[in-house]
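Q: Before anything else, here's the structure in question.
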Amino acid sequence: MIAVDTNLLVYSHHAESLNHETATEVLRPLFERKEPCAVPWPCIHEFIGVVTNKKIFSTPSTLSEAFRFVKSLMGAPCMQFLSESPGYYEKLRTLVTSSKVTGPRIHDARIAALCLHHGVRELWTADRDFLSFPQLKVRNPLVTP
């Protein structure tokens with residue numbers, strides 16, 4: 001299963017984003033296929049906060065637009081949303097301890113731990129900070145290998 005990080009969701013949603021077209025091109029086929037794909041719930045929360053932020057976009061999305069985008073994700077035939085469940089705490093503790101991340105980087109560890117906890121084989125993101133977690137395969141689909 002492939003999971004998608006916040007930044008790719010933001011790029012594909014917001015036309016003002018530098019990578020808007022490319023992100024839309026790579027995510028559309030992922031979300032339309034029948035094989036499972038996922039988004040961690042913390043990425044949904046972060047997505048809503050980012051796209052509606054006036055300090056980030058000159059024309060931020062309205063809450064209605066942001067929630068409409070999330071609703072469209074929910075309608076994707078393959079989509080799963082990853083949340084904490086029994087066993088997650090141990091995965092988070094092990095991941096944070098081994099990577100030695102602290103402070104704001106705990107948010108990234110939470111996403112990585114959710115992915116690992118749910119058997120995600122690859123996280124698609126443009127955020128290089130996830131390379132701190134070698135247990136999780138990370139790929140930036142916006143760049144050609």
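In the structure tokens, chains take the letters A, B, ... in the order shown, each chain's residues start at 1, and ligands count up from 1 in the order shown.
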Pick out the residues sitting within 12 Å of Glu21 in chain A, and hand them over as an MDAnalysis selection string; count only C-alpha atoms, and ignore anything fewer than 6 positions along from it in its own chain.
A: chainID A and resid 8:15 27:28 142
Q: Limited to N, CA and C atoms, could you put the picked residues into a file as a PDB file, in the first residue's frame?
A:
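Everything below was put into result-v7.pdb:
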ATOM      1  N   LEU A   8       1.912  16.678  -0.777  1.00  0.00           N
ATOM      2  CA  LEU A   8       1.386  16.298  -2.086  1.00  0.00           C
ATOM      3  C   LEU A   8      -0.107  16.584  -2.188  1.00  0.00           C
ATOM      4  N   LEU A   9      -0.828  16.414  -1.092  1.00  0.00           N
ATOM      5  CA  LEU A   9      -2.248  16.765  -1.084  1.00  0.00           C
ATOM      6  C   LEU A   9      -2.428  18.265  -1.300  1.00  0.00           C
ATOM      7  N   VAL A  10      -1.611  19.060  -0.610  1.00  0.00           N
ATOM      8  CA  VAL A  10      -1.682  20.527  -0.749  1.00  0.00           C
ATOM      9  C   VAL A  10      -1.372  20.925  -2.191  1.00  0.00           C
ATOM     10  N   TYR A  11      -0.300  20.395  -2.743  1.00  0.00           N
ATOM     11  CA  TYR A  11       0.074  20.740  -4.120  1.00  0.00           C
ATOM     12  C   TYR A  11      -1.041  20.387  -5.098  1.00  0.00           C
ATOM     13  N   SER A  12      -1.637  19.235  -4.945  1.00  0.00           N
ATOM     14  CA  SER A  12      -2.664  18.816  -5.899  1.00  0.00           C
ATOM     15  C   SER A  12      -3.961  19.601  -5.736  1.00  0.00           C
ATOM     16  N   HIS A  13      -4.224  20.073  -4.538  1.00  0.00           N
ATOM     17  CA  HIS A  13      -5.453  20.825  -4.279  1.00  0.00           C
ATOM     18  C   HIS A  13      -5.347  22.291  -4.678  1.00  0.00           C
ATOM     19  N   HIS A  14      -4.265  22.920  -4.345  1.00  0.00           N
ATOM     20  CA  HIS A  14      -4.174  24.372  -4.463  1.00  0.00           C
ATOM     21  C   HIS A  14      -3.433  24.795  -5.731  1.00  0.00           C
ATOM     22  N   ALA A  15      -4.152  25.433  -6.652  1.00  0.00           N
ATOM     23  CA  ALA A  15      -3.585  25.833  -7.950  1.00  0.00           C
ATOM     24  C   ALA A  15      -2.419  26.808  -7.797  1.00  0.00           C
ATOM     25  N   LEU A  27      -0.981  11.905  -8.554  1.00  0.00           N
ATOM     26  CA  LEU A  27      -1.936  11.398  -7.561  1.00  0.00           C
ATOM     27  C   LEU A  27      -3.220  10.859  -8.178  1.00  0.00           C
ATOM     28  N   ARG A  28      -3.685  11.456  -9.248  1.00  0.00           N
ATOM     29  CA  ARG A  28      -4.956  11.017  -9.837  1.00  0.00           C
ATOM     30  C   ARG A  28      -4.955   9.515 -10.141  1.00  0.00           C
ATOM     31  N   LEU A 142       7.362  13.506  -7.450  1.00  0.00           N
ATOM     32  CA  LEU A 142       7.435  14.715  -8.264  1.00  0.00           C
ATOM     33  C   LEU A 142       8.750  14.813  -9.033  1.00  0.00           C
TER      34      LEU A 142
END
Q: With a cut-off of 8 Å, could you pull out the residues of range 48-101 of chain A touching range 107-128 of chain A and give me the nearest pair of atoms for each, distance in Å to one decimal, using only C-alpha atoms, ordered by chain and ascending number, as a tab-separated table?
A:
residue	atom	partner	partner_atom	distance
A:Leu82	CA	A:Leu114	CA	6.4
A:Ser83	CA	A:Leu114	CA	6.6
A:Glu84	CA	A:Leu114	CA	6.7
A:Gly87	CA	A:His117	CA	7.5
A:Tyr88	CA	A:His117	CA	6.0
A:Lys91	CA	A:Ala113	CA	5.7
A:Leu92	CA	A:Ala113	CA	5.1
A:Leu95	CA	A:Ala113	CA	6.8
A:Val96	CA	A:Ala109	CA	6.4
A:Val101	CA	A:Ala109	CA	7.7
Q: Kindly save the residues from that selection, with N, CA and C atoms included, as a PDB file, in the first residue's frame.
A:
ATOM      1  N   LEU A  82      -5.484   6.281   7.835  1.00  0.00           N
ATOM      2  CA  LEU A  82      -4.727   5.604   8.886  1.00  0.00           C
ATOM      3  C   LEU A  82      -4.841   6.340  10.208  1.00  0.00           C
ATOM      4  N   SER A  83      -5.219   5.599  11.236  1.00  0.00           N
ATOM      5  CA  SER A  83      -5.319   6.186  12.574  1.00  0.00           C
ATOM      6  C   SER A  83      -4.669   5.250  13.593  1.00  0.00           C
ATOM      7  N   GLU A  84      -4.499   5.773  14.789  1.00  0.00           N
ATOM      8  CA  GLU A  84      -3.904   5.000  15.866  1.00  0.00           C
ATOM      9  C   GLU A  84      -4.851   3.863  16.252  1.00  0.00           C
ATOM     10  N   GLY A  87      -1.302  -1.251  19.466  1.00  0.00           N
ATOM     11  CA  GLY A  87       0.017  -1.562  18.940  1.00  0.00           C
ATOM     12  C   GLY A  87       0.746  -0.360  18.369  1.00  0.00           C
ATOM     13  N   TYR A  88      -0.011   0.719  18.084  1.00  0.00           N
ATOM     14  CA  TYR A  88       0.598   1.921  17.498  1.00  0.00           C
ATOM     15  C   TYR A  88       1.622   2.562  18.446  1.00  0.00           C
ATOM     16  N   LYS A  91       5.032   1.104  18.228  1.00  0.00           N
ATOM     17  CA  LYS A  91       5.674   1.449  16.953  1.00  0.00           C
ATOM     18  C   LYS A  91       6.221   2.869  17.020  1.00  0.00           C
ATOM     19  N   LEU A  92       5.445   3.798  17.562  1.00  0.00           N
ATOM     20  CA  LEU A  92       5.890   5.197  17.690  1.00  0.00           C
ATOM     21  C   LEU A  92       7.093   5.298  18.619  1.00  0.00           C
ATOM     22  N   LEU A  95      10.215   3.882  16.961  1.00  0.00           N
ATOM     23  CA  LEU A  95      10.661   4.741  15.859  1.00  0.00           C
ATOM     24  C   LEU A  95      11.326   6.012  16.369  1.00  0.00           C
ATOM     25  N   VAL A  96      10.721   6.663  17.345  1.00  0.00           N
ATOM     26  CA  VAL A  96      11.273   7.898  17.898  1.00  0.00           C
ATOM     27  C   VAL A  96      12.588   7.617  18.619  1.00  0.00           C
ATOM     28  N   VAL A 101      14.569  11.652  17.012  1.00  0.00           N
ATOM     29  CA  VAL A 101      13.932  12.922  16.693  1.00  0.00           C
ATOM     30  C   VAL A 101      13.213  13.452  17.930  1.00  0.00           C
TER      31      VAL A 101
END
Q: Would you compute the distance between CA of Asn7 in chain A and CA of Cys43 in chain A? Give it in Å to one decimal.
A: 8.6 Å
Q: I need the residues of chain A that end up classed as alpha helix (DSSP H) by DSSP on the backbone, written out as number ranges by chain.
A: A: 6-13, 20-32, 41-51, 63-74, 88-99, 105-117
Q: Using C-alpha atoms, can you export the residues from the last selection as a PDB file, in the first residue's frame?
A:
ATOM      1  CA  THR A   6       0.345  16.361   3.370  1.00  0.00           C
ATOM      2  CA  ASN A   7       2.534  18.295   0.947  1.00  0.00           C
ATOM      3  CA  LEU A   8       1.386  16.298  -2.086  1.00  0.00           C
ATOM      4  CA  LEU A   9      -2.248  16.765  -1.084  1.00  0.00           C
ATOM      5  CA  VAL A  10      -1.682  20.527  -0.749  1.00  0.00           C
ATOM      6  CA  TYR A  11       0.074  20.740  -4.120  1.00  0.00           C
ATOM      7  CA  SER A  12      -2.664  18.816  -5.899  1.00  0.00           C
ATOM      8  CA  HIS A  13      -5.453  20.825  -4.279  1.00  0.00           C
ATOM      9  CA  HIS A  20       0.187  21.750  -8.628  1.00  0.00           C
ATOM     10  CA  GLU A  21       0.080  20.179 -12.096  1.00  0.00           C
ATOM     11  CA  THR A  22       2.711  17.531 -11.425  1.00  0.00           C
ATOM     12  CA  ALA A  23       1.150  16.498  -8.105  1.00  0.00           C
ATOM     13  CA  THR A  24      -2.279  16.229  -9.709  1.00  0.00           C
ATOM     14  CA  GLU A  25      -0.838  14.101 -12.529  1.00  0.00           C
ATOM     15  CA  VAL A  26       0.842  11.625 -10.160  1.00  0.00           C
ATOM     16  CA  LEU A  27      -1.936  11.398  -7.561  1.00  0.00           C
ATOM     17  CA  ARG A  28      -4.956  11.017  -9.837  1.00  0.00           C
ATOM     18  CA  PRO A  29      -3.981   7.540 -11.124  1.00  0.00           C
ATOM     19  CA  LEU A  30      -2.991   6.448  -7.603  1.00  0.00           C
ATOM     20  CA  PHE A  31      -6.394   7.425  -6.204  1.00  0.00           C
ATOM     21  CA  GLU A  32      -8.344   5.952  -9.135  1.00  0.00           C
ATOM     22  CA  TRP A  41      -5.390  11.268   9.498  1.00  0.00           C
ATOM     23  CA  PRO A  42      -2.745  13.702  10.834  1.00  0.00           C
ATOM     24  CA  CYS A  43      -2.015  14.606   7.196  1.00  0.00           C
ATOM     25  CA  ILE A  44      -5.690  15.463   6.674  1.00  0.00           C
ATOM     26  CA  HIS A  45      -5.653  17.759   9.722  1.00  0.00           C
ATOM     27  CA  GLU A  46      -2.446  19.403   8.530  1.00  0.00           C
ATOM     28  CA  PHE A  47      -3.806  19.733   4.967  1.00  0.00           C
ATOM     29  CA  ILE A  48      -6.865  21.659   6.156  1.00  0.00           C
ATOM     30  CA  GLY A  49      -4.685  23.946   8.278  1.00  0.00           C
ATOM     31  CA  VAL A  50      -2.239  24.662   5.445  1.00  0.00           C
ATOM     32  CA  VAL A  51      -4.642  25.285   2.546  1.00  0.00           C
ATOM     33  CA  LEU A  63     -13.061  25.591   4.755  1.00  0.00           C
ATOM     34  CA  SER A  64     -15.774  24.365   2.374  1.00  0.00           C
ATOM     35  CA  GLU A  65     -13.223  23.897  -0.415  1.00  0.00           C
ATOM     36  CA  ALA A  66     -10.814  22.105   1.896  1.00  0.00           C
ATOM     37  CA  PHE A  67     -13.489  19.755   3.221  1.00  0.00           C
ATOM     38  CA  ARG A  68     -14.808  19.135  -0.320  1.00  0.00           C
ATOM     39  CA  PHE A  69     -11.299  17.981  -1.301  1.00  0.00           C
ATOM     40  CA  VAL A  70     -11.154  15.642   1.719  1.00  0.00           C
ATOM     41  CA  LYS A  71     -14.609  14.309   0.829  1.00  0.00           C
ATOM     42  CA  SER A  72     -13.354  13.582  -2.704  1.00  0.00           C
ATOM     43  CA  LEU A  73     -10.489  11.567  -1.203  1.00  0.00           C
ATOM     44  CA  MET A  74     -13.004   9.610   0.847  1.00  0.00           C
ATOM     45  CA  TYR A  88       0.598   1.921  17.498  1.00  0.00           C
ATOM     46  CA  TYR A  89       2.180   3.325  20.678  1.00  0.00           C
ATOM     47  CA  GLU A  90       4.963   0.739  20.636  1.00  0.00           C
ATOM     48  CA  LYS A  91       5.674   1.449  16.953  1.00  0.00           C
ATOM     49  CA  LEU A  92       5.890   5.197  17.690  1.00  0.00           C
ATOM     50  CA  ARG A  93       8.095   4.703  20.738  1.00  0.00           C
ATOM     51  CA  THR A  94      10.496   2.426  18.870  1.00  0.00           C
ATOM     52  CA  LEU A  95      10.661   4.741  15.859  1.00  0.00           C
ATOM     53  CA  VAL A  96      11.273   7.898  17.898  1.00  0.00           C
ATOM     54  CA  THR A  97      13.845   6.185  20.105  1.00  0.00           C
ATOM     55  CA  SER A  98      15.815   4.765  17.176  1.00  0.00           C
ATOM     56  CA  SER A  99      15.735   7.980  15.117  1.00  0.00           C
ATOM     57  CA  ARG A 105       9.797  16.300  14.211  1.00  0.00           C
ATOM     58  CA  ILE A 106       7.574  14.096  16.387  1.00  0.00           C
ATOM     59  CA  HIS A 107       4.763  14.993  13.954  1.00  0.00           C
ATOM     60  CA  ASP A 108       6.732  13.311  11.129  1.00  0.00           C
ATOM     61  CA  ALA A 109       7.461  10.350  13.406  1.00  0.00           C
ATOM     62  CA  ARG A 110       3.727  10.028  14.072  1.00  0.00           C
ATOM     63  CA  ILE A 111       2.994   9.828  10.350  1.00  0.00           C
ATOM     64  CA  ALA A 112       5.840   7.352   9.779  1.00  0.00           C
ATOM     65  CA  ALA A 113       4.701   5.215  12.723  1.00  0.00           C
ATOM     66  CA  LEU A 114       1.118   5.168  11.424  1.00  0.00           C
ATOM     67  CA  CYS A 115       2.374   4.047   8.017  1.00  0.00           C
ATOM     68  CA  LEU A 116       4.520   1.285   9.494  1.00  0.00           C
ATOM     69  CA  HIS A 117       1.765   0.233  11.889  1.00  0.00           C
TER      70      HIS A 117
END
Q: What residues in range 16-143 of chain A get the DSSP label strand (DSSP E)? Please answer as a list of chain:residue names.
A: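 For range 16-143 of chain A, the strand (DSSP E) set is A:Cys37, A:Ala38, A:Val39, A:Pro40, A:Met79, A:Gln80, A:Phe81, A:Leu82, A:Glu122, A:Leu123, A:Trp124, A:Val138, A:Arg139.
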Q: Could you write out that same residue set with N, CA and C atoms as a short mmCIF file (atom, residue, chain, number, x, y, z; two decimals), in the first residue's frame?
A:
data_model
loop_
_atom_site.label_atom_id
_atom_site.label_comp_id
_atom_site.auth_asym_id
_atom_site.auth_seq_id
_atom_site.Cartn_x
_atom_site.Cartn_y
_atom_site.Cartn_z
N CYS A 37 -4.66 2.45 -1.23
CA CYS A 37 -3.75 3.56 -0.96
C CYS A 37 -4.28 4.22 0.31
N ALA A 38 -3.47 5.11 0.90
CA ALA A 38 -3.85 5.62 2.21
C ALA A 38 -3.37 7.04 2.43
N VAL A 39 -4.02 7.69 3.38
CA VAL A 39 -3.59 8.98 3.90
C VAL A 39 -3.72 8.90 5.43
N PRO A 40 -2.65 9.19 6.14
CA PRO A 40 -2.76 9.24 7.60
C PRO A 40 -3.66 10.41 8.03
N MET A 79 -9.17 4.20 -1.19
CA MET A 79 -8.66 5.00 -0.08
C MET A 79 -8.93 4.41 1.30
N GLN A 80 -7.87 4.46 2.11
CA GLN A 80 -7.96 4.13 3.52
C GLN A 80 -7.37 5.30 4.30
N PHE A 81 -7.88 5.55 5.48
CA PHE A 81 -7.35 6.61 6.34
C PHE A 81 -6.74 5.95 7.56
N LEU A 82 -5.48 6.28 7.83
CA LEU A 82 -4.73 5.60 8.89
C LEU A 82 -4.84 6.34 10.21
N GLU A 122 5.24 2.17 1.09
CA GLU A 122 5.94 3.34 0.58
C GLU A 122 5.14 4.60 0.91
N LEU A 123 5.83 5.63 1.40
CA LEU A 123 5.21 6.93 1.65
C LEU A 123 5.64 7.88 0.54
N TRP A 124 4.66 8.46 -0.14
CA TRP A 124 4.95 9.46 -1.16
C TRP A 124 4.93 10.83 -0.49
N VAL A 138 10.54 5.75 1.40
CA VAL A 138 10.01 7.08 1.07
C VAL A 138 10.35 7.37 -0.39
N ARG A 139 9.39 7.97 -1.09
CA ARG A 139 9.60 8.32 -2.50
C ARG A 139 8.97 9.67 -2.78
#
Q: So which one's closest to Phe57 in chain A, A:Ala3, A:Thr144, A:Leu18, A:Leu131? Using only C-alpha atoms, please.
A: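 Going through A:Ala3, A:Thr144, A:Leu18, A:Leu131 one by one, the smallest distance to Phe57 in chain A is for A:Leu18.
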Q: From the set A:Ile2, A:Thr52, A:Ser85, A:Lys100, which residue has the shortest atom-to-atom contact distance to Leu136 in chain A, counting only C-alpha atoms?
A: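 When distances to Leu136 in chain A are compared using only C-alpha atoms, the smallest one comes from A:Ile2.
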Q: With a distance cut-off of 6 Å and only C-alpha atoms, select the neighbouring residues of Cys78 in chain A, excluding the residue or stretch itself and same-chain residues fewer than 6 positions from it, and output the selection as an MDAnalysis selection string.
A: chainID A and resid 34:37
Q: Only N, CA and C atoms, please: the residues just picked out, written as a JSON list (two decimals), in the first residue's frame.
A:
[["chain", "number", "residue", "atom", "x", "y", "z"],
["A", 34, "LYS", "N", -7.60, 0.38, -8.16],
["A", 34, "LYS", "CA", -8.33, -0.49, -7.23],
["A", 34, "LYS", "C", -7.47, -0.96, -6.06],
["A", 35, "GLU", "N", -6.14, -0.88, -6.20],
["A", 35, "GLU", "CA", -5.26, -1.31, -5.11],
["A", 35, "GLU", "C", -5.31, -0.29, -3.98],
["A", 36, "PRO", "N", -5.21, -0.75, -2.73],
["A", 36, "PRO", "CA", -5.32, 0.17, -1.60],
["A", 36, "PRO", "C", -4.25, 1.26, -1.60],
["A", 37, "CYS", "N", -4.66, 2.45, -1.23],
["A", 37, "CYS", "CA", -3.75, 3.56, -0.96],
["A", 37, "CYS", "C", -4.28, 4.22, 0.31]]
